[in-house]
file coords_4.txt (compact mmCIF, C-alpha atoms and all ligand atoms)
# COMPACT_ATOMS: atom_id res chain seq x y z
CA MET Y 592 5.09 -5.90 29.12
CA ASN Y 593 7.48 -8.80 28.91
CA GLY Y 594 10.01 -7.19 31.16
CA HIS Y 595 10.35 -4.02 29.06
CA ALA Y 596 10.63 -0.76 30.95
CA THR Y 597 7.95 1.56 29.57
CA VAL Y 598 7.45 5.29 29.42
CA SER Y 599 4.22 7.13 28.92
CA ASN Y 600 3.68 8.51 25.44
CA GLY Y 601 0.76 10.83 26.08
CA ALA Y 602 -1.94 10.05 23.54
CA SER Y 603 -0.81 6.57 22.56
CA ASP Y 604 -0.22 3.46 24.59
CA LYS Y 605 3.00 2.64 26.28
CA ILE Y 606 6.14 2.34 24.23
CA PRO Y 607 9.06 0.25 25.46
CA ALA Y 608 11.61 2.76 26.68
CA GLU Y 609 14.38 1.18 24.62
CA SER Y 610 12.46 1.95 21.40
CA MET Y 611 11.98 5.58 22.41
CA ASP Y 612 15.66 5.85 23.28
CA TYR Y 613 16.63 4.37 19.95
CA PHE Y 614 15.03 7.17 17.93
CA ALA Y 615 16.26 9.83 20.34
CA THR Y 616 19.86 8.71 20.00
CA ASN Y 617 20.22 7.38 16.45
CA PRO Y 618 19.97 9.90 13.62
CA GLN Y 619 17.07 10.13 11.20
CA PRO Y 620 18.31 9.09 7.73
CA PRO Y 621 18.24 11.78 5.01
CA THR Y 622 16.01 9.54 2.85
CA LEU Y 623 13.21 9.52 5.41
CA ARG Y 624 11.31 12.60 4.32
CA PHE Y 625 11.23 11.45 0.68
CA HIS Y 626 10.05 8.01 1.72
CA SER Y 627 7.48 9.54 3.98
CA ALA Y 628 6.05 11.84 1.30
CA ALA Y 629 5.93 9.02 -1.27
CA ALA Y 630 4.24 6.64 1.18
CA LYS Y 631 1.69 9.24 2.22
CA ALA Y 632 0.57 9.90 -1.36
CA PHE Y 633 0.52 6.18 -2.14
CA ILE Y 634 -1.51 5.24 0.94
CA GLU Y 635 -3.98 8.09 0.34
CA GLN Y 636 -4.57 6.89 -3.22
CA HIS Y 637 -5.27 3.34 -2.11
CA ALA Y 638 -7.41 4.42 0.83
CA ARG Y 639 -9.57 6.32 -1.68
CA GLU Y 640 -9.71 3.26 -3.93
CA ASN Y 641 -10.49 1.04 -0.93
CA ARG Y 642 -7.57 -1.25 -1.63
CA ARG Y 643 -5.69 -3.25 0.98
CA VAL Y 644 -2.08 -2.22 1.39
CA ALA Y 645 0.74 -4.64 2.23
CA ILE Y 646 4.07 -3.38 3.51
CA VAL Y 647 6.53 -6.05 2.44
CA THR Y 648 10.04 -5.81 3.89
CA SER Y 649 12.83 -7.58 2.10
CA GLY Y 650 16.55 -8.27 2.08
CA GLY Y 651 19.28 -7.94 4.68
CA THR Y 652 20.21 -4.87 6.69
CA THR Y 653 23.77 -3.65 7.04
CA VAL Y 654 25.44 -2.67 10.30
CA PRO Y 655 27.98 0.04 9.47
CA LEU Y 656 31.12 0.13 11.58
CA GLU Y 657 32.10 3.69 10.64
CA ASN Y 658 30.07 6.84 9.98
CA GLN Y 659 31.90 7.33 6.71
CA THR Y 660 31.25 3.72 5.98
CA VAL Y 661 33.92 1.55 4.46
CA ARG Y 662 33.19 -1.59 6.46
CA PHE Y 663 29.90 -3.08 7.54
CA ILE Y 664 28.36 -6.33 8.73
CA ASP Y 665 25.78 -7.90 6.44
CA ASN Y 666 23.79 -11.12 6.09
CA PHE Y 667 22.86 -13.66 3.45
CA SER Y 668 19.43 -12.46 2.36
CA ALA Y 669 19.05 -11.69 -1.35
CA GLY Y 670 15.42 -10.65 -0.94
CA THR Y 671 13.91 -13.56 -2.83
CA ARG Y 672 11.11 -14.13 -0.31
CA GLY Y 673 10.15 -10.47 -0.25
CA ALA Y 674 10.35 -9.79 -3.99
CA THR Y 675 8.44 -12.96 -4.88
CA SER Y 676 5.80 -12.40 -2.21
CA ALA Y 677 5.26 -8.83 -3.37
CA GLU Y 678 4.25 -10.13 -6.80
CA TYR Y 679 1.70 -12.49 -5.27
CA PHE Y 680 0.28 -9.74 -3.05
CA LEU Y 681 -0.21 -7.62 -6.17
CA GLU Y 682 -1.89 -10.56 -7.84
CA ALA Y 683 -4.18 -10.89 -4.80
CA GLY Y 684 -5.33 -7.30 -5.30
CA TYR Y 685 -3.16 -5.53 -2.75
CA ALA Y 686 -1.19 -2.37 -3.25
CA VAL Y 687 2.38 -3.04 -2.06
CA ILE Y 688 4.96 -0.86 -0.41
CA PHE Y 689 8.16 -2.78 -0.99
CA LEU Y 690 10.68 -1.74 1.65
CA HIS Y 691 13.81 -3.42 0.44
CA ARG Y 692 17.56 -3.47 0.79
CA GLN Y 693 19.08 -1.39 -1.99
CA PHE Y 694 20.23 -3.60 -4.90
CA SER Y 695 18.45 -6.70 -3.58
CA LEU Y 696 15.92 -8.50 -5.78
CA LEU Y 697 12.86 -6.53 -6.94
CA PRO Y 698 9.40 -7.75 -7.93
CA TYR Y 699 9.25 -8.54 -11.67
CA SER Y 700 12.81 -7.55 -12.52
CA ARG Y 701 14.00 -10.41 -10.26
CA HIS Y 702 13.21 -12.74 -13.16
CA TYR Y 703 15.97 -11.19 -15.23
CA SER Y 704 18.45 -9.70 -12.82
CA HIS Y 705 21.66 -10.74 -11.14
CA SER Y 706 24.17 -13.07 -12.67
CA THR Y 707 22.08 -16.26 -12.66
CA ASN Y 708 19.43 -14.76 -14.94
CA CYS Y 709 20.98 -11.84 -16.68
CA PHE Y 710 18.44 -10.25 -19.04
CA LEU Y 711 21.07 -10.17 -21.80
CA ASP Y 712 20.86 -13.96 -22.01
CA PHE Y 713 17.22 -13.62 -23.06
CA MET Y 714 17.87 -11.17 -25.90
CA THR Y 715 19.00 -11.47 -29.47
CA HIS Y 716 18.99 -9.50 -32.74
CA ASN Y 717 16.36 -10.11 -35.39
CA ASP Y 718 17.10 -10.02 -39.13
CA ALA Y 719 16.60 -6.26 -39.22
CA GLY Y 720 19.19 -5.84 -36.47
CA ALA Y 721 16.67 -4.82 -33.79
CA VAL Y 722 17.10 -6.19 -30.28
CA VAL Y 723 14.33 -8.69 -29.47
CA VAL Y 724 13.55 -11.40 -26.95
CA GLU Y 725 14.54 -14.93 -27.99
CA ASN Y 726 11.52 -16.94 -29.16
CA GLU Y 727 11.68 -19.51 -26.39
CA TYR Y 728 11.39 -16.80 -23.71
CA GLN Y 729 8.60 -14.75 -25.34
CA LYS Y 730 5.71 -16.23 -23.39
CA GLN Y 731 7.36 -16.07 -20.02
CA MET Y 732 8.71 -12.58 -20.49
CA SER Y 733 5.46 -11.27 -21.87
CA SER Y 734 3.60 -12.45 -18.77
CA VAL Y 735 6.11 -10.78 -16.43
CA LEU Y 736 6.07 -7.61 -18.53
CA ASP Y 737 2.25 -7.42 -18.52
CA ARG Y 738 2.10 -7.74 -14.74
CA TYR Y 739 4.85 -5.18 -14.29
CA ARG Y 740 3.15 -2.69 -16.59
CA THR Y 741 -0.20 -3.15 -14.86
CA ALA Y 742 1.41 -2.41 -11.48
CA LYS Y 743 3.00 0.71 -12.96
CA LYS Y 744 -0.18 1.88 -14.67
CA GLU Y 745 -2.30 1.42 -11.55
CA ASN Y 746 0.46 2.68 -9.27
CA THR Y 747 0.09 -0.34 -7.00
CA LEU Y 748 3.78 -0.88 -6.28
CA LEU Y 749 5.92 1.60 -4.37
CA LEU Y 750 9.62 0.77 -4.08
CA LEU Y 751 11.45 2.22 -1.08
CA SER Y 752 15.01 1.20 -0.28
CA PHE Y 753 17.22 1.06 2.79
CA THR Y 754 20.77 -0.02 3.42
CA SER Y 755 21.52 0.08 7.13
CA VAL Y 756 19.46 -1.28 9.98
CA ASN Y 757 19.03 2.32 11.17
CA GLU Y 758 17.45 3.37 7.88
CA TYR Y 759 15.24 0.29 7.99
CA LEU Y 760 13.95 1.01 11.51
CA TRP Y 761 13.23 4.68 10.92
CA THR Y 762 11.40 3.92 7.69
CA LEU Y 763 9.41 1.05 9.18
CA ARG Y 764 8.23 3.30 12.00
CA GLU Y 765 7.29 6.03 9.54
CA LEU Y 766 5.32 3.62 7.34
CA ALA Y 767 3.53 2.21 10.36
CA ILE Y 768 2.37 5.66 11.38
CA GLN Y 769 1.37 6.52 7.81
CA ILE Y 770 -0.67 3.35 7.40
CA GLN Y 771 -2.75 3.85 10.55
CA PRO Y 772 -5.71 5.51 8.75
CA LEU Y 773 -6.19 2.28 6.76
CA GLY Y 774 -7.02 0.39 9.97
CA ALA Y 775 -7.39 -3.34 9.39
CA ASN Y 776 -6.81 -2.91 5.64
CA GLY Y 777 -3.08 -2.51 6.34
CA LEU Y 778 -0.78 -5.51 6.53
CA PHE Y 779 2.89 -5.93 7.45
CA TYR Y 780 4.81 -8.84 5.98
CA LEU Y 781 8.20 -8.65 7.65
CA ALA Y 782 10.41 -10.83 5.48
CA ALA Y 783 13.56 -8.69 5.74
CA ALA Y 784 16.46 -10.31 7.58
CA VAL Y 785 17.03 -7.59 10.15
CA SER Y 786 20.19 -7.56 12.18
CA ASP Y 787 19.75 -8.29 15.88
CA PHE Y 788 22.82 -6.22 16.73
CA PHE Y 789 24.05 -2.77 15.77
CA VAL Y 790 26.56 -0.01 16.49
CA PRO Y 791 24.79 2.85 18.29
CA ALA Y 792 25.48 6.32 16.89
CA GLU Y 793 27.34 7.47 19.98
CA ARG Y 794 29.87 4.63 19.65
CA MET Y 795 30.38 4.82 15.88
CA ALA Y 796 33.88 5.68 14.63
CA GLU Y 797 33.79 8.64 12.25
CA HIS Y 798 36.56 7.51 9.90
CA LYS Y 799 37.79 4.30 8.41
CA ILE Y 800 39.25 2.09 11.12
CA GLN Y 801 42.99 1.89 10.56
CA SER Y 802 44.31 -1.65 10.55
CA SER Y 803 47.86 -0.52 11.27
CA GLU Y 804 48.71 0.05 14.93
CA ASP Y 805 50.84 3.00 13.86
CA PHE Y 806 47.81 4.98 12.75
CA ASN Y 807 45.35 4.08 15.46
CA PRO Y 808 44.24 6.10 18.47
CA SER Y 809 44.63 4.07 21.64
CA HIS Y 810 41.70 3.33 23.93
CA PRO Y 811 43.15 2.23 27.26
CA ASP Y 812 40.68 0.15 29.29
CA GLY Y 813 38.09 0.61 26.62
CA GLU Y 814 38.03 4.37 27.24
CA ASP Y 815 39.98 6.98 25.38
CA GLY Y 816 41.99 9.69 27.10
CA GLU Y 817 39.08 12.16 27.28
CA GLY Y 818 36.72 9.85 29.11
CA GLU Y 819 34.61 9.15 25.99
CA GLU Y 820 33.53 5.62 25.29
CA ALA Y 821 35.69 3.68 22.85
CA PRO Y 822 34.15 3.06 19.42
CA ALA Y 823 32.19 -0.16 19.15
CA ALA Y 824 34.57 -1.31 16.39
CA ARG Y 825 38.22 -0.67 17.13
CA MET Y 826 41.71 -2.08 16.84
CA GLU Y 827 43.14 -3.61 19.99
CA GLY Y 828 46.70 -4.50 19.18
CA LYS Y 829 46.50 -6.36 15.91
CA LYS Y 830 42.88 -7.43 16.41
CA LEU Y 831 39.73 -5.79 15.24
CA VAL Y 832 37.33 -5.93 18.17
CA ILE Y 833 33.63 -5.27 17.66
CA ASP Y 834 31.11 -5.10 20.46
CA LEU Y 835 27.59 -4.53 19.34
CA ASP Y 836 24.44 -3.48 21.15
CA PRO Y 837 21.20 -5.41 20.77
CA VAL Y 838 18.65 -3.88 18.40
CA PRO Y 839 15.55 -3.09 20.48
CA LYS Y 840 12.62 -5.45 19.88
CA PHE Y 841 10.58 -3.24 17.60
CA LEU Y 842 8.00 -5.85 16.83
CA LYS Y 843 6.41 -5.23 20.22
CA THR Y 844 6.14 -1.51 19.57
CA LEU Y 845 4.88 -2.08 16.03
CA VAL Y 846 2.13 -4.39 17.23
CA ASP Y 847 1.08 -2.40 20.30
CA THR Y 848 1.59 1.18 19.27
CA TRP Y 849 2.71 2.01 15.76
CA ALA Y 850 0.18 -0.07 13.82
CA PRO Y 851 -2.22 -1.63 16.34
CA HIS Y 852 -4.97 -2.25 13.76
CA SER Y 853 -2.89 -3.71 10.93
CA MET Y 854 -2.38 -7.41 10.41
CA ILE Y 855 1.22 -8.23 11.29
CA ILE Y 856 3.14 -11.20 9.98
CA SER Y 857 6.69 -11.77 11.18
CA PHE Y 858 9.18 -14.35 9.98
CA LYS Y 859 11.34 -16.50 12.21
CA LEU Y 860 14.52 -17.84 10.73
CA GLU Y 861 16.43 -20.71 12.29
CA THR Y 862 19.06 -23.20 11.19
CA ASP Y 863 18.35 -25.87 13.82
CA PRO Y 864 15.12 -27.76 12.94
CA SER Y 865 14.54 -28.74 16.56
CA LEU Y 866 14.18 -25.08 17.57
CA LEU Y 867 11.96 -23.71 14.83
CA ALA Y 868 8.46 -24.43 16.18
CA THR Y 869 9.39 -23.48 19.75
CA LYS Y 870 10.93 -20.19 18.68
CA ALA Y 871 8.01 -19.35 16.39
CA ARG Y 872 5.52 -20.06 19.20
CA TYR Y 873 7.61 -18.00 21.57
CA ALA Y 874 7.57 -15.02 19.18
CA LEU Y 875 3.79 -15.26 18.76
CA GLU Y 876 3.27 -15.28 22.52
CA LYS Y 877 5.74 -12.51 23.16
CA TYR Y 878 4.47 -10.08 20.53
CA SER Y 879 0.78 -11.14 20.37
CA HIS Y 880 0.46 -10.44 16.65
CA GLN Y 881 -1.47 -12.52 14.14
CA LEU Y 882 1.02 -14.81 12.44
CA VAL Y 883 4.60 -16.05 12.64
CA ILE Y 884 6.00 -17.80 9.59
CA GLY Y 885 8.88 -20.04 10.58
CA ASN Y 886 11.50 -21.14 8.09
CA LEU Y 887 14.82 -22.93 8.06
CA LEU Y 888 17.76 -21.57 6.15
CA ASN Y 889 18.23 -24.74 4.10
CA THR Y 890 14.61 -25.58 3.31
CA ARG Y 891 13.05 -22.11 3.16
CA LYS Y 892 12.38 -22.36 -0.59
CA TRP Y 893 9.94 -25.23 -0.20
CA GLU Y 894 8.58 -25.40 3.35
CA VAL Y 895 7.42 -22.93 6.00
CA LEU Y 896 5.58 -23.29 9.30
CA PHE Y 897 2.55 -21.08 9.98
CA VAL Y 898 1.98 -20.41 13.68
CA SER Y 899 -1.06 -18.36 14.66
CA ALA Y 900 -3.37 -18.03 17.64
CA LYS Y 901 -6.36 -18.60 15.38
CA GLU Y 902 -5.26 -21.66 13.42
CA GLY Y 903 -2.51 -23.20 15.53
CA GLU Y 904 0.40 -24.71 13.61
CA ARG Y 905 0.52 -25.95 10.04
CA TRP Y 906 3.23 -26.59 7.50
CA ILE Y 907 2.95 -25.25 3.99
CA ARG Y 908 4.99 -27.31 1.57
CA VAL Y 909 5.71 -27.41 -2.13
CA PRO Y 910 5.26 -31.03 -3.24
CA ALA Y 911 8.45 -32.91 -4.02
CA GLY Y 912 9.20 -32.69 -7.73
CA ARG Y 913 7.79 -29.15 -7.95
CA ARG Y 914 10.46 -27.39 -5.92
CA THR Y 915 12.67 -24.59 -7.11
CA LYS Y 916 15.84 -23.22 -5.71
CA SER Y 917 16.04 -20.36 -8.13
CA HIS Y 918 14.87 -16.83 -7.39
CA THR Y 919 13.12 -16.67 -10.74
CA GLY Y 920 10.62 -19.43 -10.21
CA PHE Y 921 11.28 -20.69 -13.73
CA GLY Y 922 12.95 -24.07 -14.04
CA GLU Y 923 15.87 -25.21 -11.90
CA ASP Y 924 13.81 -27.82 -10.12
CA MET Y 925 16.19 -29.45 -7.68
CA ASN Y 926 14.61 -32.87 -7.90
CA ALA Y 927 15.55 -35.44 -10.45
CA ALA Y 928 11.95 -36.58 -10.93
CA HIS Y 929 9.99 -33.62 -12.24
CA SER Y 930 6.25 -33.92 -11.84
CA GLY Y 931 5.29 -30.56 -13.32
CA PRO Y 932 6.51 -26.99 -13.50
CA ALA Y 933 8.23 -25.58 -10.43
CA ILE Y 934 6.02 -23.93 -7.82
CA GLU Y 935 7.24 -20.94 -5.85
CA ILE Y 936 6.36 -21.39 -2.20
CA GLU Y 937 5.28 -17.74 -2.02
CA SER Y 938 2.41 -18.65 -4.38
CA LEU Y 939 1.11 -20.80 -1.51
CA ILE Y 940 2.09 -18.52 1.38
CA VAL Y 941 0.58 -15.26 0.14
CA PRO Y 942 -2.96 -16.50 -0.66
CA ALA Y 943 -3.06 -18.20 2.76
CA VAL Y 944 -2.00 -14.93 4.41
CA ALA Y 945 -4.52 -12.94 2.34
CA LYS Y 946 -7.28 -15.32 3.46
CA MET Y 947 -6.37 -14.86 7.12
CA HIS Y 948 -6.34 -11.11 6.54
CA ALA Y 949 -9.78 -11.20 4.90
CA ASP Y 950 -11.11 -13.19 7.90
CA MET Y 951 -9.61 -10.68 10.27
CA ILE Y 952 -11.25 -7.81 8.41
CA ALA Y 953 -14.61 -9.60 8.26
CA ASN Y 954 -14.69 -10.92 11.80
CA GLY Y 955 -12.59 -8.38 13.65
CA ASP Y 956 -9.20 -8.88 15.24
CA PRO Y 957 -9.51 -11.08 18.33
CA ARG Y 958 -6.84 -8.85 19.92
CA HIS Y 959 -9.32 -6.00 19.96
CA ALA Y 960 -12.29 -8.03 21.21
CA ALA Y 961 -13.83 -6.57 24.35
C1 LIG J 1 12.95 -14.59 6.85
O1 LIG J 1 12.91 -15.51 7.62
C2 LIG J 1 12.93 -14.77 5.35
O2 LIG J 1 12.08 -15.79 4.97
C3 LIG J 1 14.37 -15.03 4.78
C4 LIG J 1 14.25 -15.07 3.26
C5 LIG J 1 15.31 -13.92 5.20
C6 LIG J 1 14.88 -16.38 5.27
P1 LIG J 1 15.76 -14.81 1.14
O3 LIG J 1 15.91 -13.32 1.19
O4 LIG J 1 15.48 -15.30 2.64
O5 LIG J 1 14.57 -15.21 0.32
O6 LIG J 1 17.02 -15.50 0.73
N1 LIG J 1 13.01 -13.31 7.29
C7 LIG J 1 13.03 -12.88 8.66
C8 LIG J 1 14.29 -13.23 9.36
C9 LIG J 1 14.42 -12.52 10.67
O7 LIG J 1 15.35 -11.78 10.81
N2 LIG J 1 13.54 -12.75 11.62
C10 LIG J 1 13.74 -12.30 12.98
C11 LIG J 1 14.22 -13.49 13.77
O8 LIG J 1 14.27 -14.62 13.26
C12 LIG J 1 12.44 -11.88 13.62
S1 LIG J 1 11.62 -10.57 12.86
O9 LIG J 1 14.57 -13.31 14.96
call {"tool": "encode", "arguments": {"input": "coords_4.txt", "output": "structure tokens", "more": "lines below"}}
Ligand code: 9Z3
result
Amino acid sequence: MNGHATVSNGASDKIPAESMDYFATNPQPPTLRFHSAAAKAFIEQHARENRRVAIVTSGGTTVPLENQTVRFIDNFSAGTRGATSAEYFLEAGYAVIFLHRQFSLLPYSRHYSHSTNCFLDFMTHNDAGAVVVENEYQKQMSSVLDRYRTAKKENTLLLLSFTSVNEYLWTLRELAIQIQPLGANGLFYLAAAVSDFFVPAERMAEHKIQSSEDFNPSHPDGEDGEGEEAPAARMEGKKLVIDLDPVPKFLKTLVDTWAPHSMIISFKLETDPSLLATKARYALEKYSHQLVIGNLLNTRKWEVLFVSAKEGERWIRVPAGRRTKSHTGFGEDMNAAHSGPAIEIESLIVPAVAKMHADMIANGDPRHAA
């Protein structure tokens, strides 16, 4: 199994030992049982209604440096890909579990949140003094509102949040186990920007790391006086030194063990264009799932590379003149020559994914062919 040590897990297949160790040594977040209960009820409803369920992950994960967290490592993701894609999955008839970084963009409200599109800029008073939406935004806002209210009424959107990479991993595993009864009707769309490195619980400082040497415990030779390991983040002289462990490769476990019958779509993010296709192909081979969507940091809003065993490689692109850099999808076309309203790339990605999923359901997953 790609060089992973494995341990037997009784009833199920083999789980890479590092994944087992992770959950044995890093604490279950307090939110897990609420998330689990909410997901169970949601999945049961949609199983009864024979609806496909997409688990969409979104936003960046934090890596706390202290248990009582003051400082943490974070990344750039605002959750645009995830929040936008979730809307298109709903439009395609899926129920969506939106596993997102707390305070990142949300489906529907993304159109009017954060400082670039504050909802207050869309409001005014009418003659009677009531607060109303400005005339020019009525149509747009009414369409977003209708879709939002439909999702609420039909209970097709479940919002679950995480902050740290630990919360993300525990919740992802829980959702994968919960979604198993749906078989091939389940889909994972892993758009969250998950940290590759973390501070393991046993090397996490309890309290705020003191920047002043006068208030810091010393850790000679990386060990403290009592033979315990030094915290992963610590002061050495005047420097803050952080040594992180790699996050185990959970995609392998997700594909092989946690959700072997779901369709799994991972994203591969690169900054160097010459690496993107190679790294996406490598991920597909390594994890043997259905689809890798490659994207580059600087062009991710208008082009992505689909890499799958079934269809090979193909680029999906928003035509020049229809591109948007905004997270709202309205206006802000970056090109001087506009040739029509802006197109969100997720409106092209999600239907293509849904079609591959429908084919997989109709024809069976080649991974499970005898
Ligand atoms: C992505 O590649 C997403 O498309 C983005 C979306 C994070 C670029 P935004 O939130 O950005 O819309 O601003 N997500 C996955 C990135 C990732 O961490 N992938 C792992 C990797 O590249 C593999 S699962 O190694």
call {"tool": "closest_residue", "arguments": {"input": "coords_4.txt", "among": "Y:Leu831, Y:Val756, Y:Leu748, Y:Val661", "to": "ligand LIG 1 (chain J)", "atoms": "only C-alpha atoms and all ligand atoms"}}
result
Y:Val756
call {"tool": "atom_distance", "arguments": {"input": "coords_4.txt", "atom1": "CA of Lys901 (chain Y)", "atom2": "CA of Met854 (chain Y)"}}
result
12.9 Å
call {"tool": "closest_residue", "arguments": {"input": "coords_4.txt", "among": "Y:Glu819, Y:Glu725, Y:Asp863, Y:Glu902", "to": "ligand LIG 1 (chain J)", "atoms": "all atoms listed in the file"}}
result
Y:Asp863
call {"tool": "atom_distance", "arguments": {"input": "coords_4.txt", "atom1": "CA of Ala868 (chain Y)", "atom2": "CA of Ile934 (chain Y)"}}
result
24.1 Å
call {"tool": "residues_near_ligand", "arguments": {"input": "coords_4.txt", "ligand": "ligand LIG 1 (chain J)", "cutoff": "8 Å", "atoms": "all atoms listed in the file", "output": "NGL selection string"}}
result
:Y and (649-651 or 667-673 or 781-787 or 842 or 857-861 or 884-888 or 891-892 or 918)
call {"tool": "closest_residue", "arguments": {"input": "coords_4.txt", "among": "Y:Ser706, Y:Thr747, Y:Thr653, Y:Asn666", "to": "Tyr685 (chain Y)", "atoms": "only C-alpha atoms"}}
result
Y:Thr747
call {"tool": "closest_residue", "arguments": {"input": "coords_4.txt", "among": "Y:Trp893, Y:Lys799, Y:Arg872, Y:Phe806", "to": "Gln659 (chain Y)", "atoms": "all atoms listed in the file"}}
result
Y:Lys799
call {"tool": "closest_residue", "arguments": {"input": "coords_4.txt", "among": "Y:Leu696, Y:Val723, Y:Ala767, Y:Met826", "to": "Thr675 (chain Y)", "atoms": "only C-alpha atoms"}}
result
Y:Leu696
call {"tool": "axis_aligned_box", "arguments": {"input": "coords_4.txt", "around": "region 786-800 of chain Y", "padding_each_side": "6 Å", "output": "lines of an AutoDock Vina configuration file"}}
result
center_x = 29.5
center_y = 0.2
center_z = 14.2
size_x = 31.5
size_y = 28.9
size_z = 23.6
call {"tool": "atom_distance", "arguments": {"input": "coords_4.txt", "atom1": "CA of Ala945 (chain Y)", "atom2": "CA of Asn708 (chain Y)"}}
result
29.6 Å
call {"tool": "closest_residue", "arguments": {"input": "coords_4.txt", "among": "Y:Ala630, Y:Asn641, Y:Glu635, Y:Pro620", "to": "Thr754 (chain Y)", "atoms": "all atoms listed in the file"}}
result
Y:Pro620
call {"tool": "residues_around", "arguments": {"input": "coords_4.txt", "residues": "Phe841 (chain Y)", "least_positions_apart": "5", "cutoff": "9 Å", "atoms": "all atoms listed in the file", "output": "ChimeraX atom specification"}}
result
/Y:607,610,760,764,846
call {"tool": "residues_near_point", "arguments": {"input": "coords_4.txt", "point": "(3.0, -7.6, 5.6)", "cutoff": "10 Å", "atoms": "all atoms listed in the file", "output": "list in words"}}
result
Val644, Ala645, Ile646, Val647, Thr648, Gly673, Ser676, Ala677, Phe680, Val687, Ile688, Phe689, Gly777, Leu778, Phe779, Tyr780, Leu781, Ala782, Ser853, Met854, Ile855, Ile856, Ser857, Val941, Val944 and Ala945 of chain Y
call {"tool": "residues_near_point", "arguments": {"input": "coords_4.txt", "point": "(21.8, -2.2, 14.1)", "cutoff": "6 Å", "atoms": "all atoms listed in the file", "output": "list of chain:residue names"}}
result
Y:Val654, Y:Val756, Y:Ser786, Y:Phe788, Y:Phe789, Y:Val790, Y:Val838
